[in-house]
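Colleague: Structure file start37.txt (compact mmCIF, C-alpha atoms) is given on the next line.
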# COMPACT_ATOMS: atom_id res chain seq x y z
CA MET A 1 199.87 36.08 112.78
CA ILE A 2 196.33 36.60 114.18
CA GLU A 3 194.90 34.19 111.60
CA LEU A 4 197.56 31.63 112.52
CA ALA A 5 196.68 32.04 116.21
CA THR A 6 192.98 31.64 115.42
CA ILE A 7 193.67 28.48 113.44
CA GLY A 8 195.89 27.17 116.22
CA GLU A 9 193.18 27.93 118.77
CA ALA A 10 190.55 26.14 116.67
CA VAL A 11 192.82 23.14 116.20
CA ALA A 12 193.49 23.06 119.93
CA VAL A 13 189.77 23.22 120.74
CA ILE A 14 188.98 20.47 118.23
CA ALA A 15 191.80 18.36 119.57
CA ALA A 16 190.61 18.92 123.13
CA CYS A 17 187.05 17.91 122.20
CA TRP A 18 188.30 14.86 120.37
CA ALA A 19 190.46 13.93 123.33
CA ILE A 20 187.48 14.25 125.69
CA ILE A 21 185.20 12.20 123.43
CA SER A 22 187.89 9.60 122.83
CA GLY A 23 188.70 9.58 126.53
CA VAL A 24 185.09 8.83 127.43
CA GLY A 25 185.01 6.12 124.77
CA ALA A 26 188.26 4.69 126.06
CA TRP A 27 186.94 4.67 129.60
CA LYS A 28 183.78 2.87 128.51
CA ARG A 29 185.78 0.33 126.54
CA GLU A 30 188.14 -0.13 129.46
CA PHE A 31 185.24 -0.63 131.85
CA ILE A 32 183.43 -3.06 129.55
CA GLY A 33 186.63 -4.80 128.48
CA LYS A 34 187.95 -5.28 131.99
CA ARG A 35 185.77 -8.30 132.65
CA LYS A 36 186.61 -9.67 129.21
CA ILE A 37 190.31 -9.43 130.00
CA GLU A 38 189.77 -11.07 133.39
CA LEU A 39 187.82 -13.88 131.73
CA ALA A 40 190.59 -14.37 129.17
CA GLU A 41 193.19 -14.51 131.96
CA ASP A 42 191.08 -16.97 133.94
CA MET A 43 190.64 -19.19 130.90
CA LEU A 44 194.35 -19.18 130.04
CA ALA A 45 195.30 -19.96 133.64
CA SER A 46 192.68 -22.69 133.81
CA PHE A 47 193.94 -24.28 130.60
CA PHE A 48 197.54 -24.25 131.81
CA GLU A 49 196.39 -25.91 135.04
CA LEU A 50 194.56 -28.52 132.98
CA SER A 51 197.69 -29.21 130.94
CA ASP A 52 199.64 -29.80 134.15
CA ALA A 53 196.85 -32.04 135.46
CA VAL A 54 196.93 -34.11 132.26
CA ALA A 55 200.70 -34.51 132.62
CA PHE A 56 200.18 -35.67 136.20
CA ILE A 57 197.51 -38.18 135.17
CA ARG A 58 199.70 -39.63 132.41
CA ASN A 59 202.90 -39.84 134.46
CA PRO A 60 204.32 -43.31 133.65
CA PHE A 61 205.87 -43.65 137.10
CA ALA A 62 203.40 -45.19 139.54
CA SER A 63 203.58 -46.60 143.06
CA SER A 64 202.49 -50.15 143.83
CA ASN A 65 199.47 -48.83 145.74
CA GLU A 66 197.97 -46.84 142.86
CA GLY A 67 194.91 -48.25 141.13
CA ARG A 68 193.80 -50.29 144.13
CA THR A 69 190.66 -48.27 144.77
CA ARG A 70 189.05 -49.88 141.73
CA GLN A 71 186.03 -52.01 142.55
CA ARG A 72 186.83 -55.67 141.87
CA GLY A 73 184.65 -57.94 139.77
CA GLU A 74 183.43 -61.24 141.17
CA HIS A 75 185.36 -63.50 138.82
CA GLU A 76 188.62 -61.60 138.46
CA ASN A 77 191.80 -63.56 138.87
CA PRO A 78 194.80 -61.86 140.54
CA GLU A 79 196.71 -61.46 137.28
CA HIS A 80 193.81 -59.78 135.51
CA SER A 81 193.13 -57.59 138.57
CA LYS A 82 196.70 -56.33 138.44
CA LEU A 83 196.32 -55.27 134.81
CA LEU A 84 192.99 -53.58 135.45
CA ASP A 85 194.43 -51.77 138.46
CA ARG A 86 197.27 -50.46 136.34
CA ALA A 87 194.81 -49.09 133.80
CA TYR A 88 192.70 -47.57 136.58
CA ILE A 89 195.56 -45.35 137.73
CA VAL A 90 194.52 -42.55 135.36
CA PHE A 91 190.97 -42.58 136.78
CA GLU A 92 192.33 -42.40 140.31
CA ARG A 93 194.61 -39.51 139.49
CA TYR A 94 191.82 -37.71 137.66
CA GLU A 95 189.80 -37.69 140.88
CA GLN A 96 192.70 -35.96 142.61
CA LYS A 97 192.67 -33.20 139.96
CA LYS A 98 188.96 -33.19 139.21
CA GLU A 99 188.40 -29.58 140.30
CA VAL A 100 190.77 -28.40 137.54
CA PHE A 101 188.62 -29.99 134.84
CA VAL A 102 185.39 -28.80 136.48
CA ARG A 103 186.74 -25.25 136.57
CA LEU A 104 187.46 -25.25 132.83
CA ASN A 105 183.96 -26.53 132.07
CA THR A 106 182.50 -23.87 134.37
CA LEU A 107 184.24 -21.14 132.36
CA LYS A 108 183.23 -22.69 129.04
CA TYR A 109 179.81 -21.07 128.55
CA ARG A 110 180.91 -17.64 129.81
CA PHE A 111 183.83 -17.80 127.41
CA MET A 112 181.59 -18.78 124.50
CA ALA A 113 179.16 -15.95 125.32
CA VAL A 114 181.94 -13.34 125.24
CA PHE A 115 184.30 -14.68 122.55
CA GLY A 116 181.75 -16.32 120.25
CA SER A 117 179.95 -19.63 119.96
CA GLU A 118 182.53 -20.81 117.42
CA THR A 119 184.96 -21.27 120.32
CA GLU A 120 182.91 -24.29 121.38
CA SER A 121 184.98 -26.41 119.00
CA LEU A 122 188.06 -25.72 121.15
CA PHE A 123 186.35 -27.08 124.26
CA HIS A 124 185.05 -30.03 122.29
CA ASP A 125 188.59 -30.89 121.18
CA ILE A 126 189.98 -30.51 124.70
CA GLY A 127 187.29 -32.80 126.10
CA ARG A 128 187.83 -35.35 123.36
CA THR A 129 191.57 -35.40 124.07
CA VAL A 130 191.06 -35.92 127.82
CA ASN A 131 188.48 -38.64 127.17
CA SER A 132 190.88 -40.42 124.82
CA ILE A 133 193.18 -41.07 127.80
CA PHE A 134 190.43 -42.94 129.64
CA ALA A 135 189.32 -44.74 126.48
CA SER A 136 192.87 -46.00 125.96
CA ALA A 137 193.07 -47.05 129.62
CA ASN A 138 189.92 -49.13 129.21
CA ALA A 139 191.16 -50.68 125.98
CA LEU A 140 194.54 -51.57 127.49
CA GLY A 141 193.14 -52.98 130.73
CA THR A 142 190.32 -55.02 129.25
CA ARG A 143 191.77 -56.12 125.91
CA TYR A 144 195.35 -55.47 124.89
CA TRP A 145 197.29 -56.17 128.09
CA PRO A 146 195.30 -59.33 128.93
CA GLN A 147 195.84 -60.64 125.38
CA GLN A 148 199.56 -59.88 125.29
CA GLY A 149 201.43 -63.20 125.42
CA ARG A 150 198.26 -65.07 126.44
CA VAL A 151 196.24 -65.31 123.23
CA ARG A 152 197.51 -67.25 120.26
CA MET A 153 197.88 -65.06 117.15
CA ASP A 154 199.45 -65.44 113.76
CA GLU A 155 202.14 -63.01 112.68
CA GLU A 156 199.76 -60.55 111.02
CA GLN A 157 197.31 -60.60 113.92
CA PHE A 158 200.09 -60.10 116.43
CA GLN A 159 201.46 -57.11 114.51
CA ARG A 160 198.03 -55.47 114.39
CA HIS A 161 197.61 -56.18 118.10
CA LEU A 162 201.05 -54.75 118.90
CA ASP A 163 200.52 -51.62 116.80
CA ALA A 164 197.15 -50.90 118.43
CA MET A 165 198.48 -51.56 121.93
CA GLN A 166 201.44 -49.24 121.40
CA ARG A 167 199.15 -46.55 120.02
CA HIS A 168 196.95 -46.74 123.12
CA GLU A 169 199.99 -46.79 125.40
CA GLY A 170 201.24 -43.63 123.69
CA ILE A 171 198.01 -41.93 124.77
CA PHE A 172 197.84 -43.57 128.21
CA TRP A 173 201.44 -42.79 129.21
CA ASP A 174 203.35 -39.54 128.80
CA THR A 175 206.45 -40.22 126.70
CA TYR A 176 207.93 -36.75 127.44
CA GLY A 177 208.96 -36.46 123.79
CA GLU A 178 208.17 -33.94 121.08
CA ASP A 179 206.17 -36.58 119.24
CA ASP A 180 203.91 -37.29 122.23
CA GLU A 181 200.39 -37.14 120.77
CA ILE A 182 198.61 -35.65 123.78
CA ARG A 183 201.29 -33.03 124.35
CA GLN A 184 201.07 -32.02 120.68
CA ARG A 185 197.29 -31.67 120.89
CA LEU A 186 197.47 -29.55 124.06
CA ALA A 187 200.13 -27.32 122.47
CA GLU A 188 197.80 -26.79 119.50
CA TYR A 189 194.89 -25.91 121.80
CA SER A 190 197.10 -23.49 123.72
CA THR A 191 197.99 -21.70 120.48
CA ARG A 192 194.33 -21.49 119.48
CA LEU A 193 193.33 -20.14 122.88
CA GLU A 194 196.09 -17.54 122.86
CA ARG A 195 195.05 -16.46 119.36
CA ILE A 196 191.43 -16.01 120.48
CA THR A 197 192.32 -13.99 123.57
CA ALA A 198 195.21 -11.96 122.09
CA PRO A 199 193.04 -8.94 121.06
CA CYS A 200 192.10 -8.45 124.72
CA PHE A 201 195.66 -7.56 125.61
CA GLU A 202 196.42 -5.23 122.70
CA GLU A 203 196.80 -1.48 123.31
CA PRO A 204 193.52 0.22 122.28
CA LEU A 205 192.89 3.70 120.87
CA LYS A 206 196.18 4.43 119.13
CA SER A 207 194.63 7.52 117.56
CA TYR A 208 193.61 8.71 121.02
CA LYS A 209 197.20 8.40 122.22
CA ILE A 210 198.48 10.38 119.24
CA ILE A 211 195.97 13.17 119.86
CA THR A 212 196.65 13.38 123.59
CA GLN A 213 200.39 13.40 122.99
CA LYS A 214 200.14 16.23 120.45
CA LEU A 215 197.60 18.27 122.41
CA PRO A 216 200.18 19.88 124.78
CA PHE A 217 202.32 20.81 121.76
CA LEU A 218 199.37 22.54 120.07
CA CYS A 219 198.49 24.41 123.26
CA ASN A 220 202.07 25.59 123.63
CA LYS A 221 202.06 26.91 120.06
CA LYS A 222 198.86 28.83 120.81
CA ARG A 223 200.38 30.40 123.91
CA GLN A 224 203.49 31.41 121.92
CA SER A 225 201.34 33.03 119.23
CA ASP A 226 199.30 34.93 121.84
CA THR A 227 202.48 36.44 123.25
Write out the structure in this file as structure tokens.
Modeller:
Amino acid sequence: MIELATIGEAVAVIAACWAIISGVGAWKREFIGKRKIELAEDMLASFFELSDAVAFIRNPFASSNEGRTRQRGEHENPEHSKLLDRAYIVFERYEQKKEVFVRLNTLKYRFMAVFGSETESLFHDIGRTVNSIFASANALGTRYWPQQGRVRMDEEQFQRHLDAMQRHEGIFWDTYGEDDEIRQRLAEYSTRLERITAPCFEEPLKSYKIITQKLPFLCNKKRQSDT
């Protein structure tokens, strides 16, 4: 019985030491990881805000006054001005939400420093997707809409023109469907971002929890053996 008590006491001491060491390690990891978790939360929130801003920019419903802040060219005719104004709507709306995009870019380098330089590809893809909206707006306003019904084309040329115009319109306007290209891209980026940040929110030190949960049991056994 004495040997059993001695063994129990030794186990309890070892467990207590391990708990203290693990506890210090856990505290250090918690202290160091706190800012990492905050950064992950900030990045996720910023990306969700950006997704909402993109949806706002691409909203197909526009008032008659939108796009009118565009600077007119000297030789624009009223019809062409109307088409260019329509394409300019996304630029106007972007200015209203500009701080959302600036905030994401501000977090970019901090995020790369903490989560690895390989995450730069995610930001590159996000930027390329946002820029594609403005590229399509330019293409529609300066080429495809002005040509539609105004430039003579043969059947093959017209089909190529129509296909390209519809492709750009699918980027320019939000179709609210599952096959919407921009929505699909943003959903993919969201999944990638959540996968990168997921380890931040996992419960650390499972072995520490097991030890600390069993420590009271071991101490109780020692007390029982002493009596």
Colleague: Neighbouring residues of range 188-203 of chain A were defined as those with any atom within 8 Å, considering all atoms listed in the file; residues of the same chain fewer than 6 positions away were excluded. Please report them as a PyMOL selection string.
Modeller: chain A and resi 33+36-37+40+44+47+115+122+126
Colleague: Can you tell me how far CA of Tyr144 in chain A sits from CA of Gln157 in chain A, in Å to one decimal?
Modeller: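 Computing it gives 12.3 Å between the two atoms.
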Colleague: So that I can see what lies close to range 161-166 of chain A, please list as a list of chain:residue names the residues with an atom at most 9 Å from it, counting all atoms listed in the file and leaving out residues fewer than 3 positions away in the same chain.
Modeller: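 Everything that qualifies: A:Ser136, A:Ala139, A:Leu140, A:Tyr144, A:Trp145, A:Gln147, A:Gln148, A:Met153, A:Glu156, A:Gln157, A:Phe158, A:Glu169, A:Gly170, A:Ile171.
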Colleague: Just the selected residues (C-alpha atoms), exported as a compact mmCIF listing (two decimals), in the coordinates of the input, please.
Modeller:
# COMPACT_ATOMS: atom_id res chain seq x y z
CA SER A 136 192.87 -46.00 125.96
CA ALA A 139 191.16 -50.68 125.98
CA LEU A 140 194.54 -51.57 127.49
CA TYR A 144 195.35 -55.47 124.89
CA TRP A 145 197.29 -56.17 128.09
CA GLN A 147 195.84 -60.64 125.38
CA GLN A 148 199.56 -59.88 125.29
CA MET A 153 197.88 -65.06 117.15
CA GLU A 156 199.76 -60.55 111.02
CA GLN A 157 197.31 -60.60 113.92
CA PHE A 158 200.09 -60.10 116.43
CA GLU A 169 199.99 -46.79 125.40
CA GLY A 170 201.24 -43.63 123.69
CA ILE A 171 198.01 -41.93 124.77
Colleague: Suppose you want the space between CA of Thr175 in chain A and CA of Asn59 in chain A; what is it in Å?
Modeller: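 Spanning CA of Thr175 in chain A to CA of Asn59 in chain A is a straight-line distance of 8.5 Å.
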Colleague: Nearest to Tyr88 in chain A among A:Phe101, A:Phe134, A:Phe111, A:Phe123, with distances taken over all atoms listed in the file: which residue is it?
Modeller: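 Smallest distance to Tyr88 in chain A is found for A:Phe134.
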Colleague: Work out how far CA of Val151 in chain A is from CA of Arg86 in chain A, in Å to one decimal.
Modeller: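 Atom-to-atom, CA of Arg86 in chain A and CA of Val151 in chain A are spaced 19.8 Å apart.
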Colleague: So, counting all atoms listed in the file, which residue among A:Asp42, A:Gln184, A:Trp173, A:Arg68 is closest to Arg110 in chain A?
Modeller: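 Checking each of A:Asp42, A:Gln184, A:Trp173, A:Arg68 against Arg110 in chain A, counting all atoms listed in the file, the winner is A:Asp42.
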Colleague: Looking at A:Ala187, A:Lys108, A:Arg72, A:Glu120, which one is nearest to Leu84 in chain A, with distances taken over only C-alpha atoms?
Modeller: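 Of A:Ala187, A:Lys108, A:Arg72, A:Glu120, the one nearest Leu84 in chain A, counting only C-alpha atoms, is A:Arg72.
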